[in-house]
Amino acid sequence: MSAYLKIDHVGKTFSRGASETEVLADITLAVDKGEYVSIIGHSGCGKSTLLNIVAGLTPATTGGVLLEDREVNSPGPDRAVVFQNHSLLPWLTVYDNVRLAVDKVFSGSKSRAERHDWTMHNLDLVQMGHARDKRPAEVSGGMKQRVGIARALAMEPKVLLLDEPFGALDALTRAHLQDSVMVLHQKLQNTVMMITHDVDEAVLLSDRIVMMTNGPAAKIGEVLDVALARPRKRLELAANPTYLKCRQRVLEFLYERHRFVEAA
Amino acid sequence: MSLSALTSQPASDTSTTSATVLPLKLKKPSRLATRLIPLLGDIAARVVPPTIVIAVLLLVWELLCRKQGATLPPPSQVFTETYDLIVDPFFDRGGIDKGLFWHLSASLQRVALGYALACVAGVALGTLVGQSTWAMRGLDPIFQVLRTVPPLAWLPLSLAAFQDGQPSAIFVIFITSIWPIIINTAVGIRNIPQDYRNVAAVLRLNPAEFFVKIMVPSAAPYIFTGLRIGIGLSWLAIVAAEMLIGGVGIGFFIWDAWNSSHISEIILALFYVGIIGFVLDRIVAGVASFVTRGTAAN
């Protein structure tokens with residue numbers, strides 16, 4: 001009953017004028033503390049909407065989200081988001097982007113020096129301490145996303161929400177960053193909810209994979225437990241039978257039972 | 001690439017062969033050749049074309065206006081007739097018989113005051129219109145109509161209201177330059193990316209923090225576009241307004257010169273008006289690029 005994060009019968013209907021579109025229908029999901037949950041589905045199935053509802057950026061039409069048994073319906077640093085397109089403020093340096101979050105969240109509880117140390121600590125966690133004085137435009141896409149992760153981690157969120165965090169990156173950078181996120185999750189034991197459309201990424205990173213049916217009125221189609229021991233190594237997993245079986249399950253769900261239909 | 005490789009090859013050959021004989025004597029000219037000569041070439045490339053174009057234009061003007069029956073003076077005559085005004089811009093014989101410096105400074109003061117008021121009011125109103133849909137729907141139609149009113153059309157009304165030339169001229173500057181500032185600020189505020197709003201929401205920034213930390217920096221490039229158009233318009237308006245209100249000012253100086261048939265003085269004044277308008281624009285552009293460094297790039 002007392003799951004850490006509980007998405008309780010959440011539905012979302014967008015209405016524009018007289019026409020109504022039901023995007024999500026009756027989504028119920030419980031996430032345990034320290035768990036890494038991925039939500040996978042074809043584009044347009046409403047997975048980003050679901051994440052935005054958990055983040056509080058979009059209000060749910062029906063149902064609600066409970067975090068530690070308390071309803072959350074407005075955004076806050078306890079559910080920090082790493083956005084797909086990094087969303088760093090371009091006029092601030094890498095350091096100031098993280099510091100803005102640190103100053104806001106810990107203004108009462110940490111001294112100036114402590115806030116500086118905490119900012120640097122989080123930049124070092126993602127190996128971006130060296131670029132503290134650079135502006136976002138001066139670092140690569142992968143580095144921007146690292147800073148975005150550092151900013152989210154620096155808020156000490158109860159749940160870390162990742163909205164296709166590696167979607168805009170090239171394959172090599174993506175793999176590198178996935179490894180970093182795995183190491184961080186291992187180290188900090190965060191509760192993570194990640195949106196993705198990459199099957200390998202979902203299987204590699206997650207404890208559980210939530211597969212969503214196609215919209216409109218998308219539902220949770222299937223939930224798959226990924227019973228792979230951590231720490232996981234990308235290369236060793238390539239031939240691991242459990243890994244391959246999980247991968248197969250997700251692929252079957254996405255491409256056989258819920259094949260993406262181009263907007264009819 | 002290949003060309004520079006070809007030219008650098010013989011140069012390095014000579015330096016190595018001569019290095020055994022007189023290394024010190026040959027090093028100096030080579031540094032001169034690598035640093036100073038390209039620099040001079042760069043400067044020349046920028047300075048020579050405008051110099052040639054200006055010289056040609058002056059020549060054409062001279063030839064056209066030298067002919068019998070020309071209505072405008074040639075440049076040589078402009079220079080000789082306005083020589084006194086050029087060399088002594090600071091004389092003051094009372095009334096409106098002053099050097100050009102005093103006329104320009106009076107005009108600049110009016111522009112500074114009117115433009116400063118327009119900046120403050122324009123950014124404030126633009127923020128309101130950009131942030132509130134209700135205010136936009138209420139105010140935007142009024143702005144769209146009023147901004148098309150020509151600057152000078154405001155002058156009689158403001159003279160009637162203020163009963164004095166000085167505040168009327170300042171008001172005309174204000175009302176001319178405020179529209180692009182309002183409209184560009186409003187567009188800038190409305191165009192704040194949803195991503196930045198989401199970041200602010202997750203961080204729970206309060207409205208004051210949102211204004212200072214997100215809204216102003218994000219809209220700054222738009223605001224400065226408005227400010228730059230505004231300064232240009234206010235300098236356009238001041239000359240026209242001063243022609244009508246009289247007193248000290250470059251606009252009235254031009255009108256006065258026309259009434260006394262001093263065509264050369266008009267041409268000199270136009271030259272100064274152009275230069276100062278250019279400098280004002282550069283100043284605002286310079287402030288903009290300083291303040292918004294890094295903002296536009298993403």
# chains A, B, ... in the order shown; residues from 1 in each chain; ligands from 1
$ select_by_dssp --residues "stretch 82-259 of chain A" --states "alpha helix (DSSP H)" --output "MDAnalysis selection string"
chainID A and resid 94:105 112:125 141:154 171:188 199:205 234:237 241:252
$ residues_around --residues "B:Gly249" --least-positions-apart "2" --cutoff "10 Å" --atoms "only C-alpha atoms" --output "PDB file with N, CA, C and O atoms, in the first residue's frame"
ATOM      1  N   ILE B  96      20.016  82.382 -29.964  1.00  0.00           N
ATOM      2  CA  ILE B  96      20.224  81.128 -30.681  1.00  0.00           C
ATOM      3  C   ILE B  96      21.477  81.201 -31.543  1.00  0.00           C
ATOM      4  O   ILE B  96      21.748  80.295 -32.327  1.00  0.00           O
ATOM      5  N   LYS B  98      24.605  80.370 -31.480  1.00  0.00           N
ATOM      6  CA  LYS B  98      25.586  79.577 -30.746  1.00  0.00           C
ATOM      7  C   LYS B  98      26.307  78.637 -31.713  1.00  0.00           C
ATOM      8  O   LYS B  98      25.844  78.400 -32.829  1.00  0.00           O
ATOM      9  N   LEU B 100      27.777  74.948 -33.122  1.00  0.00           N
ATOM     10  CA  LEU B 100      27.029  73.715 -33.372  1.00  0.00           C
ATOM     11  C   LEU B 100      27.024  72.779 -32.168  1.00  0.00           C
ATOM     12  O   LEU B 100      26.070  72.032 -31.958  1.00  0.00           O
ATOM     13  N   PHE B 101      28.111  72.842 -31.366  1.00  0.00           N
ATOM     14  CA  PHE B 101      28.166  71.979 -30.188  1.00  0.00           C
ATOM     15  C   PHE B 101      26.964  72.209 -29.284  1.00  0.00           C
ATOM     16  O   PHE B 101      26.358  71.258 -28.794  1.00  0.00           O
ATOM     17  N   TRP B 102      26.614  73.500 -29.087  1.00  0.00           N
ATOM     18  CA  TRP B 102      25.504  73.819 -28.177  1.00  0.00           C
ATOM     19  C   TRP B 102      24.170  73.351 -28.746  1.00  0.00           C
ATOM     20  O   TRP B 102      23.315  72.879 -28.015  1.00  0.00           O
ATOM     21  N   HIS B 103      24.027  73.508 -30.073  1.00  0.00           N
ATOM     22  CA  HIS B 103      22.782  73.033 -30.696  1.00  0.00           C
ATOM     23  C   HIS B 103      22.643  71.523 -30.556  1.00  0.00           C
ATOM     24  O   HIS B 103      21.594  71.011 -30.178  1.00  0.00           O
ATOM     25  N   LEU B 104      23.752  70.812 -30.871  1.00  0.00           N
ATOM     26  CA  LEU B 104      23.695  69.357 -30.800  1.00  0.00           C
ATOM     27  C   LEU B 104      23.484  68.882 -29.369  1.00  0.00           C
ATOM     28  O   LEU B 104      22.734  67.938 -29.118  1.00  0.00           O
ATOM     29  N   SER B 105      24.139  69.586 -28.416  1.00  0.00           N
ATOM     30  CA  SER B 105      24.006  69.120 -27.040  1.00  0.00           C
ATOM     31  C   SER B 105      22.586  69.357 -26.532  1.00  0.00           C
ATOM     32  O   SER B 105      22.039  68.528 -25.792  1.00  0.00           O
ATOM     33  N   ALA B 106      21.949  70.474 -26.961  1.00  0.00           N
ATOM     34  CA  ALA B 106      20.551  70.704 -26.559  1.00  0.00           C
ATOM     35  C   ALA B 106      19.652  69.609 -27.123  1.00  0.00           C
ATOM     36  O   ALA B 106      18.794  69.062 -26.419  1.00  0.00           O
ATOM     37  N   SER B 107      19.882  69.233 -28.387  1.00  0.00           N
ATOM     38  CA  SER B 107      19.076  68.173 -28.998  1.00  0.00           C
ATOM     39  C   SER B 107      19.306  66.850 -28.282  1.00  0.00           C
ATOM     40  O   SER B 107      18.363  66.095 -28.015  1.00  0.00           O
ATOM     41  N   LEU B 108      20.586  66.562 -27.987  1.00  0.00           N
ATOM     42  CA  LEU B 108      20.911  65.301 -27.336  1.00  0.00           C
ATOM     43  C   LEU B 108      20.290  65.203 -25.946  1.00  0.00           C
ATOM     44  O   LEU B 108      19.847  64.138 -25.533  1.00  0.00           O
ATOM     45  N   GLN B 109      20.250  66.345 -25.238  1.00  0.00           N
ATOM     46  CA  GLN B 109      19.631  66.325 -23.902  1.00  0.00           C
ATOM     47  C   GLN B 109      18.148  65.972 -23.995  1.00  0.00           C
ATOM     48  O   GLN B 109      17.631  65.193 -23.204  1.00  0.00           O
ATOM     49  N   ARG B 110      17.462  66.573 -24.977  1.00  0.00           N
ATOM     50  CA  ARG B 110      16.039  66.266 -25.155  1.00  0.00           C
ATOM     51  C   ARG B 110      15.861  64.785 -25.482  1.00  0.00           C
ATOM     52  O   ARG B 110      14.994  64.112 -24.914  1.00  0.00           O
ATOM     53  N   ILE B 238      13.563  64.149 -33.341  1.00  0.00           N
ATOM     54  CA  ILE B 238      13.964  65.394 -32.672  1.00  0.00           C
ATOM     55  C   ILE B 238      14.205  66.513 -33.678  1.00  0.00           C
ATOM     56  O   ILE B 238      13.811  67.665 -33.462  1.00  0.00           O
ATOM     57  N   VAL B 239      14.822  66.183 -34.826  1.00  0.00           N
ATOM     58  CA  VAL B 239      15.130  67.224 -35.800  1.00  0.00           C
ATOM     59  C   VAL B 239      13.832  67.870 -36.295  1.00  0.00           C
ATOM     60  O   VAL B 239      13.694  69.098 -36.327  1.00  0.00           O
ATOM     61  N   ALA B 241      10.884  67.836 -34.789  1.00  0.00           N
ATOM     62  CA  ALA B 241      10.177  68.534 -33.724  1.00  0.00           C
ATOM     63  C   ALA B 241      10.807  69.898 -33.454  1.00  0.00           C
ATOM     64  O   ALA B 241      10.111  70.903 -33.274  1.00  0.00           O
ATOM     65  N   GLU B 242      12.139  69.941 -33.470  1.00  0.00           N
ATOM     66  CA  GLU B 242      12.822  71.204 -33.158  1.00  0.00           C
ATOM     67  C   GLU B 242      12.617  72.258 -34.240  1.00  0.00           C
ATOM     68  O   GLU B 242      12.622  73.448 -33.964  1.00  0.00           O
ATOM     69  N   MET B 243      12.412  71.808 -35.465  1.00  0.00           N
ATOM     70  CA  MET B 243      12.143  72.766 -36.535  1.00  0.00           C
ATOM     71  C   MET B 243      10.891  73.564 -36.210  1.00  0.00           C
ATOM     72  O   MET B 243      10.775  74.736 -36.547  1.00  0.00           O
ATOM     73  N   ILE B 245       9.382  73.796 -32.922  1.00  0.00           N
ATOM     74  CA  ILE B 245       9.318  74.483 -31.624  1.00  0.00           C
ATOM     75  C   ILE B 245      10.319  75.622 -31.506  1.00  0.00           C
ATOM     76  O   ILE B 245      10.156  76.507 -30.680  1.00  0.00           O
ATOM     77  N   GLY B 246      11.372  75.649 -32.326  1.00  0.00           N
ATOM     78  CA  GLY B 246      12.334  76.737 -32.267  1.00  0.00           C
ATOM     79  C   GLY B 246      13.279  76.620 -31.092  1.00  0.00           C
ATOM     80  O   GLY B 246      13.331  75.615 -30.408  1.00  0.00           O
ATOM     81  N   GLY B 247      14.054  77.693 -30.835  1.00  0.00           N
ATOM     82  CA  GLY B 247      15.021  77.697 -29.745  1.00  0.00           C
ATOM     83  C   GLY B 247      16.310  77.015 -30.138  1.00  0.00           C
ATOM     84  O   GLY B 247      16.568  76.764 -31.315  1.00  0.00           O
ATOM     85  N   GLY B 251      17.748  70.901 -34.956  1.00  0.00           N
ATOM     86  CA  GLY B 251      16.615  70.992 -35.874  1.00  0.00           C
ATOM     87  C   GLY B 251      16.321  72.438 -36.228  1.00  0.00           C
ATOM     88  O   GLY B 251      16.174  72.790 -37.408  1.00  0.00           O
ATOM     89  N   PHE B 252      16.275  73.264 -35.189  1.00  0.00           N
ATOM     90  CA  PHE B 252      15.986  74.661 -35.474  1.00  0.00           C
ATOM     91  C   PHE B 252      17.158  75.342 -36.185  1.00  0.00           C
ATOM     92  O   PHE B 252      16.962  76.239 -37.004  1.00  0.00           O
ATOM     93  N   PHE B 253      18.384  74.881 -35.897  1.00  0.00           N
ATOM     94  CA  PHE B 253      19.555  75.420 -36.602  1.00  0.00           C
ATOM     95  C   PHE B 253      19.392  75.211 -38.105  1.00  0.00           C
ATOM     96  O   PHE B 253      19.647  76.110 -38.908  1.00  0.00           O
ATOM     97  N   ILE B 254      18.930  74.024 -38.492  1.00  0.00           N
ATOM     98  CA  ILE B 254      18.739  73.728 -39.914  1.00  0.00           C
ATOM     99  C   ILE B 254      17.639  74.637 -40.498  1.00  0.00           C
ATOM    100  O   ILE B 254      17.790  75.233 -41.569  1.00  0.00           O
TER     101      ILE B 254
END
$ interface_residues --of "chain B" --to "chain A" --cutoff "12 Å" --atoms "only C-alpha atoms" --output "short mmCIF file (atom, residue, chain, number, x, y, z; two decimals) with all heavy atoms, in the first residue's frame"
data_model
loop_
_atom_site.label_atom_id
_atom_site.label_comp_id
_atom_site.auth_asym_id
_atom_site.auth_seq_id
_atom_site.Cartn_x
_atom_site.Cartn_y
_atom_site.Cartn_z
N ILE B 192 9.65 33.50 -24.28
CA ILE B 192 10.48 32.76 -23.33
C ILE B 192 10.16 31.28 -23.51
O ILE B 192 9.00 30.88 -23.41
CB ILE B 192 10.19 33.19 -21.88
CG1 ILE B 192 10.58 34.64 -21.68
CG2 ILE B 192 10.93 32.29 -20.89
CD1 ILE B 192 10.19 35.18 -20.32
N PRO B 193 11.18 30.45 -23.82
CA PRO B 193 10.89 29.05 -24.10
C PRO B 193 10.22 28.36 -22.92
O PRO B 193 10.52 28.67 -21.77
CB PRO B 193 12.29 28.45 -24.34
CG PRO B 193 13.14 29.60 -24.71
CD PRO B 193 12.60 30.78 -23.98
N GLN B 194 9.31 27.46 -23.23
CA GLN B 194 8.60 26.71 -22.19
C GLN B 194 9.60 25.97 -21.29
O GLN B 194 9.36 25.81 -20.10
CB GLN B 194 7.62 25.73 -22.85
CG GLN B 194 6.69 25.02 -21.88
CD GLN B 194 5.83 25.99 -21.07
OE1 GLN B 194 5.35 26.98 -21.59
NE2 GLN B 194 5.67 25.71 -19.79
N ASP B 195 10.74 25.57 -21.88
CA ASP B 195 11.76 24.87 -21.09
C ASP B 195 12.20 25.72 -19.89
O ASP B 195 12.35 25.22 -18.79
CB ASP B 195 13.00 24.60 -21.95
CG ASP B 195 12.69 23.69 -23.11
OD1 ASP B 195 11.67 22.97 -23.01
OD2 ASP B 195 13.43 23.70 -24.09
N TYR B 196 12.43 27.00 -20.14
CA TYR B 196 12.90 27.86 -19.05
C TYR B 196 11.79 28.02 -18.00
O TYR B 196 12.06 28.07 -16.81
CB TYR B 196 13.33 29.24 -19.56
CG TYR B 196 14.41 29.22 -20.61
CD1 TYR B 196 14.70 30.36 -21.36
CD2 TYR B 196 15.16 28.08 -20.85
CE1 TYR B 196 15.69 30.36 -22.32
CE2 TYR B 196 16.14 28.05 -21.82
CZ TYR B 196 16.41 29.20 -22.56
OH TYR B 196 17.37 29.19 -23.52
N ARG B 197 10.56 28.10 -18.48
CA ARG B 197 9.43 28.20 -17.54
C ARG B 197 9.33 26.92 -16.72
O ARG B 197 9.02 26.97 -15.52
CB ARG B 197 8.12 28.45 -18.30
CG ARG B 197 8.07 29.82 -18.98
CD ARG B 197 6.69 30.05 -19.61
NE ARG B 197 6.67 31.27 -20.39
CZ ARG B 197 6.42 32.47 -19.91
NH1 ARG B 197 6.15 32.61 -18.64
NH2 ARG B 197 6.43 33.53 -20.69
N ASN B 198 9.57 25.75 -17.36
CA ASN B 198 9.54 24.49 -16.63
C ASN B 198 10.64 24.45 -15.57
O ASN B 198 10.40 24.01 -14.45
CB ASN B 198 9.72 23.31 -17.60
CG ASN B 198 8.48 23.05 -18.42
OD1 ASN B 198 7.41 23.56 -18.11
ND2 ASN B 198 8.61 22.27 -19.47
N VAL B 199 11.83 24.90 -15.95
CA VAL B 199 12.94 24.92 -14.98
C VAL B 199 12.55 25.79 -13.79
O VAL B 199 12.71 25.40 -12.64
CB VAL B 199 14.23 25.47 -15.65
CG1 VAL B 199 15.29 25.74 -14.61
CG2 VAL B 199 14.74 24.48 -16.68
N ALA B 200 12.00 26.96 -14.09
CA ALA B 200 11.59 27.86 -13.02
C ALA B 200 10.52 27.22 -12.14
O ALA B 200 10.53 27.38 -10.92
CB ALA B 200 11.07 29.17 -13.61
N ALA B 201 9.62 26.46 -12.78
CA ALA B 201 8.54 25.82 -12.02
C ALA B 201 9.10 24.74 -11.10
O ALA B 201 8.72 24.65 -9.93
CB ALA B 201 7.51 25.23 -12.98
N VAL B 202 10.02 23.92 -11.64
CA VAL B 202 10.59 22.85 -10.82
C VAL B 202 11.37 23.45 -9.65
O VAL B 202 11.33 22.94 -8.53
CB VAL B 202 11.50 21.94 -11.68
CG1 VAL B 202 12.30 21.00 -10.80
CG2 VAL B 202 10.66 21.15 -12.66
N LEU B 203 12.06 24.56 -9.90
CA LEU B 203 12.83 25.21 -8.83
C LEU B 203 11.94 26.03 -7.91
O LEU B 203 12.42 26.56 -6.91
CB LEU B 203 13.91 26.13 -9.44
CG LEU B 203 15.07 25.43 -10.13
CD1 LEU B 203 15.99 26.46 -10.77
CD2 LEU B 203 15.85 24.60 -9.12
N ARG B 204 10.69 26.19 -8.26
CA ARG B 204 9.75 27.03 -7.50
C ARG B 204 10.28 28.46 -7.34
O ARG B 204 10.29 29.00 -6.23
CB ARG B 204 9.48 26.42 -6.12
CG ARG B 204 8.63 25.17 -6.20
CD ARG B 204 7.90 24.94 -4.89
NE ARG B 204 7.10 23.72 -4.94
CZ ARG B 204 7.28 22.68 -4.12
NH1 ARG B 204 8.19 22.72 -3.19
NH2 ARG B 204 6.52 21.63 -4.23
N LEU B 205 10.74 29.07 -8.42
CA LEU B 205 11.14 30.47 -8.36
C LEU B 205 9.89 31.31 -8.13
O LEU B 205 8.85 31.07 -8.73
CB LEU B 205 11.79 30.90 -9.68
CG LEU B 205 13.10 30.23 -10.08
CD1 LEU B 205 13.62 30.84 -11.38
CD2 LEU B 205 14.16 30.38 -9.00
N ASN B 206 10.00 32.31 -7.24
CA ASN B 206 8.86 33.20 -7.04
C ASN B 206 8.83 34.24 -8.16
O ASN B 206 9.80 34.36 -8.92
CB ASN B 206 8.90 33.82 -5.64
CG ASN B 206 10.12 34.68 -5.42
OD1 ASN B 206 10.52 35.43 -6.31
ND2 ASN B 206 10.73 34.56 -4.25
N GLU B 209 11.94 36.46 -8.51
CA GLU B 209 13.12 35.72 -8.98
C GLU B 209 12.96 35.35 -10.45
O GLU B 209 13.91 35.41 -11.22
CB GLU B 209 13.29 34.43 -8.16
CG GLU B 209 13.77 34.67 -6.76
CD GLU B 209 13.67 33.41 -5.90
OE1 GLU B 209 12.71 32.64 -6.07
OE2 GLU B 209 14.56 33.22 -5.07
N PHE B 210 11.73 34.98 -10.84
CA PHE B 210 11.48 34.62 -12.23
C PHE B 210 11.76 35.81 -13.14
O PHE B 210 12.39 35.67 -14.19
CB PHE B 210 10.03 34.15 -12.40
CG PHE B 210 9.70 33.73 -13.80
CD1 PHE B 210 10.25 32.59 -14.34
CD2 PHE B 210 8.85 34.49 -14.59
CE1 PHE B 210 9.97 32.19 -15.63
CE2 PHE B 210 8.56 34.11 -15.89
CZ PHE B 210 9.11 32.96 -16.40
N LYS B 213 15.75 36.43 -12.96
CA LYS B 213 16.66 35.36 -13.37
C LYS B 213 16.30 34.71 -14.69
O LYS B 213 17.15 34.12 -15.34
CB LYS B 213 16.72 34.30 -12.27
CG LYS B 213 17.42 34.87 -11.05
CD LYS B 213 17.68 33.86 -9.99
CE LYS B 213 18.58 34.49 -8.94
NZ LYS B 213 18.35 33.98 -7.61
N ILE B 214 15.04 34.78 -15.08
CA ILE B 214 14.63 34.12 -16.32
C ILE B 214 14.13 35.13 -17.35
O ILE B 214 14.62 35.20 -18.47
CB ILE B 214 13.51 33.08 -16.07
CG1 ILE B 214 13.89 32.12 -14.95
CG2 ILE B 214 13.15 32.36 -17.35
CD1 ILE B 214 14.82 31.00 -15.31
N MET B 215 13.17 35.96 -16.93
CA MET B 215 12.48 36.80 -17.89
C MET B 215 13.41 37.83 -18.54
O MET B 215 13.50 37.89 -19.76
CB MET B 215 11.34 37.51 -17.17
CG MET B 215 10.18 37.89 -18.06
SD MET B 215 9.03 38.87 -17.12
CE MET B 215 7.95 37.62 -16.56
N VAL B 216 14.10 38.60 -17.72
CA VAL B 216 14.94 39.67 -18.27
C VAL B 216 16.07 39.11 -19.13
O VAL B 216 16.22 39.52 -20.28
CB VAL B 216 15.47 40.59 -17.14
CG1 VAL B 216 16.52 41.53 -17.67
CG2 VAL B 216 14.31 41.38 -16.54
N PRO B 217 16.85 38.14 -18.65
CA PRO B 217 17.92 37.64 -19.52
C PRO B 217 17.40 36.98 -20.78
O PRO B 217 18.00 37.12 -21.85
CB PRO B 217 18.67 36.61 -18.65
CG PRO B 217 18.14 36.71 -17.29
CD PRO B 217 16.87 37.49 -17.32
N SER B 218 16.27 36.28 -20.68
CA SER B 218 15.77 35.57 -21.84
C SER B 218 15.23 36.54 -22.89
O SER B 218 15.39 36.32 -24.09
CB SER B 218 14.68 34.59 -21.40
OG SER B 218 14.13 33.95 -22.51
N ALA B 219 14.59 37.62 -22.42
CA ALA B 219 14.00 38.58 -23.36
C ALA B 219 14.99 39.66 -23.78
O ALA B 219 14.68 40.46 -24.66
CB ALA B 219 12.76 39.20 -22.74
N ALA B 220 16.17 39.69 -23.16
CA ALA B 220 17.12 40.79 -23.41
C ALA B 220 17.42 41.04 -24.89
O ALA B 220 17.41 42.20 -25.32
CB ALA B 220 18.40 40.56 -22.61
N PRO B 221 17.67 40.00 -25.70
CA PRO B 221 17.96 40.30 -27.10
C PRO B 221 16.80 41.02 -27.80
O PRO B 221 17.03 41.93 -28.59
CB PRO B 221 18.17 38.91 -27.72
CG PRO B 221 18.51 38.02 -26.58
CD PRO B 221 17.79 38.56 -25.40
N PHE B 290 27.12 43.71 -25.05
CA PHE B 290 27.77 43.48 -23.76
C PHE B 290 26.82 42.78 -22.80
O PHE B 290 27.18 41.80 -22.15
CB PHE B 290 28.25 44.82 -23.18
CG PHE B 290 28.83 44.69 -21.80
CD1 PHE B 290 30.10 44.15 -21.61
CD2 PHE B 290 28.11 45.07 -20.68
CE1 PHE B 290 30.64 44.02 -20.35
CE2 PHE B 290 28.64 44.93 -19.41
CZ PHE B 290 29.91 44.41 -19.24
N VAL B 291 25.59 43.28 -22.73
CA VAL B 291 24.63 42.75 -21.76
C VAL B 291 24.14 41.36 -22.16
O VAL B 291 23.96 40.49 -21.32
CB VAL B 291 23.42 43.72 -21.61
CG1 VAL B 291 22.33 43.09 -20.75
CG2 VAL B 291 23.88 45.02 -21.00
N THR B 292 23.92 41.15 -23.46
CA THR B 292 23.31 39.89 -23.88
C THR B 292 24.33 38.87 -24.34
O THR B 292 23.98 37.92 -25.01
CB THR B 292 22.31 40.12 -25.03
OG1 THR B 292 23.05 40.63 -26.14
CG2 THR B 292 21.23 41.09 -24.66
N ARG B 293 25.58 39.02 -23.95
CA ARG B 293 26.59 38.07 -24.40
C ARG B 293 26.19 36.66 -23.93
O ARG B 293 25.85 36.45 -22.77
CB ARG B 293 27.98 38.43 -23.89
CG ARG B 293 28.14 38.38 -22.40
CD ARG B 293 29.34 39.22 -22.00
NE ARG B 293 29.63 39.13 -20.59
CZ ARG B 293 28.87 39.59 -19.63
NH1 ARG B 293 27.73 40.17 -19.92
NH2 ARG B 293 29.22 39.48 -18.38
N GLY B 294 26.18 35.73 -24.89
CA GLY B 294 25.85 34.36 -24.53
C GLY B 294 24.35 34.07 -24.46
O GLY B 294 23.96 32.93 -24.35
N THR B 295 23.53 35.12 -24.51
CA THR B 295 22.10 34.87 -24.35
C THR B 295 21.49 34.28 -25.60
O THR B 295 20.71 33.34 -25.54
CB THR B 295 21.37 36.18 -24.02
OG1 THR B 295 22.05 36.80 -22.96
CG2 THR B 295 19.94 35.91 -23.61
N ALA B 296 21.87 34.82 -26.73
CA ALA B 296 21.23 34.41 -27.97
C ALA B 296 21.62 32.97 -28.33
O ALA B 296 20.79 32.19 -28.76
CB ALA B 296 21.60 35.36 -29.08
N ALA B 297 22.89 32.64 -28.13
CA ALA B 297 23.35 31.31 -28.50
C ALA B 297 22.76 30.27 -27.57
O ALA B 297 22.56 30.52 -26.40
CB ALA B 297 24.87 31.25 -28.41
N ASN B 298 22.46 29.12 -28.13
CA ASN B 298 21.91 28.07 -27.28
C ASN B 298 22.60 26.75 -27.56
O ASN B 298 22.62 26.28 -28.64
CB ASN B 298 20.40 27.94 -27.53
CG ASN B 298 19.73 27.23 -26.39
OD1 ASN B 298 20.39 26.54 -25.59
ND2 ASN B 298 18.43 27.37 -26.28
#
$ closest_residue --among "B:Val248, B:Thr127, B:Gln163, B:Gly138" --to "B:Arg190" --atoms "only C-alpha atoms"
B:Thr127
$ residues_around --residues "stretch 224-238 of chain A" --least-positions-apart "6" --cutoff "9 Å" --atoms "only C-alpha atoms" --output "ChimeraX atom specification"
/A:175,179,182-183,186,203-211,244,246,249-250
$ atom_distance --atom1 "atom CA of A:Ala217" --atom2 "atom CA of A:Leu50"
11.9 Å
$ select_by_dssp --residues "stretch 36-236 of chain A" --states "strand (DSSP E or B)" --output "number ranges by chain"
A: 36-40, 62-67, 70-71, 81-82, 159-163, 191-196, 208-212, 218, 220-225
$ residues_around --residues "A:Arg132" --least-positions-apart "4" --cutoff "10 Å" --atoms "only C-alpha atoms" --output "PyMOL selection string"
chain A and resi 93-98+119-120+123-124+128+136+147
$ residues_around --residues "stretch 67-80 of chain B" --least-positions-apart "3" --cutoff "9 Å" --atoms "only C-alpha atoms" --output "count of residues only"
14
$ residues_around --residues "A:Glu22" --least-positions-apart "4" --cutoff "9 Å" --atoms "only C-alpha atoms" --output "PyMOL selection string"
chain A and resi 11-15+215-218
$ closest_residue --among "A:Cys45, A:Val54, A:Lys219, A:Lys33" --to "A:Ile7" --atoms "only C-alpha atoms"
A:Val54
$ atom_distance --atom1 "atom CA of B:Gly126" --atom2 "atom CA of B:Val145"
15.8 Å
$ closest_residue --among "B:Arg228, B:Arg46, B:Arg66, B:Arg137" --to "B:Trp179" --atoms "only C-alpha atoms"
B:Arg228
$ atom_distance --atom1 "atom CA of B:Ala288" --atom2 "atom CA of B:Ile170"
24.0 Å
$ residues_around --residues "B:Leu159" --least-positions-apart "5" --cutoff "7 Å" --atoms "only C-alpha atoms" --output "list in words"
Asp164, Gly165 and Ser168 of chain B
$ write_last_selection --atoms "N, CA and C atoms" --output "tab-separated table (two decimals), in the first residue's frame"
chain	number	residue	atom	x	y	z
B	164	ASP	N	4.34	74.56	-23.65
B	164	ASP	CA	5.74	74.93	-23.69
B	164	ASP	C	6.46	74.03	-24.69
B	165	GLY	N	7.47	74.58	-25.36
B	165	GLY	CA	8.17	73.81	-26.40
B	165	GLY	C	9.00	72.67	-25.85
B	168	SER	N	7.19	69.54	-24.72
B	168	SER	CA	6.51	69.00	-25.90
B	168	SER	C	7.48	68.21	-26.75
$ decode --residues "stretch 171-183 of chain A" --atoms "C-alpha atoms" --output "mmCIF file, in the first residue's frame"
data_model
loop_
_atom_site.group_PDB
_atom_site.id
_atom_site.type_symbol
_atom_site.label_atom_id
_atom_site.label_comp_id
_atom_site.auth_asym_id
_atom_site.auth_seq_id
_atom_site.Cartn_x
_atom_site.Cartn_y
_atom_site.Cartn_z
ATOM 1 C CA ALA A 171 25.186 6.699 -30.059
ATOM 2 C CA LEU A 172 28.665 6.791 -28.521
ATOM 3 C CA THR A 173 27.952 9.744 -26.241
ATOM 4 C CA ARG A 174 24.671 8.110 -25.289
ATOM 5 C CA ALA A 175 26.383 4.877 -24.240
ATOM 6 C CA HIS A 176 28.939 6.818 -22.238
ATOM 7 C CA LEU A 177 26.262 8.815 -20.460
ATOM 8 C CA GLN A 178 24.152 5.726 -19.797
ATOM 9 C CA ASP A 179 27.145 4.204 -18.019
ATOM 10 C CA SER A 180 27.537 7.379 -15.979
ATOM 11 C CA VAL A 181 23.883 7.314 -14.974
ATOM 12 C CA MET A 182 24.229 3.656 -13.954
ATOM 13 C CA VAL A 183 27.240 4.467 -11.781
#
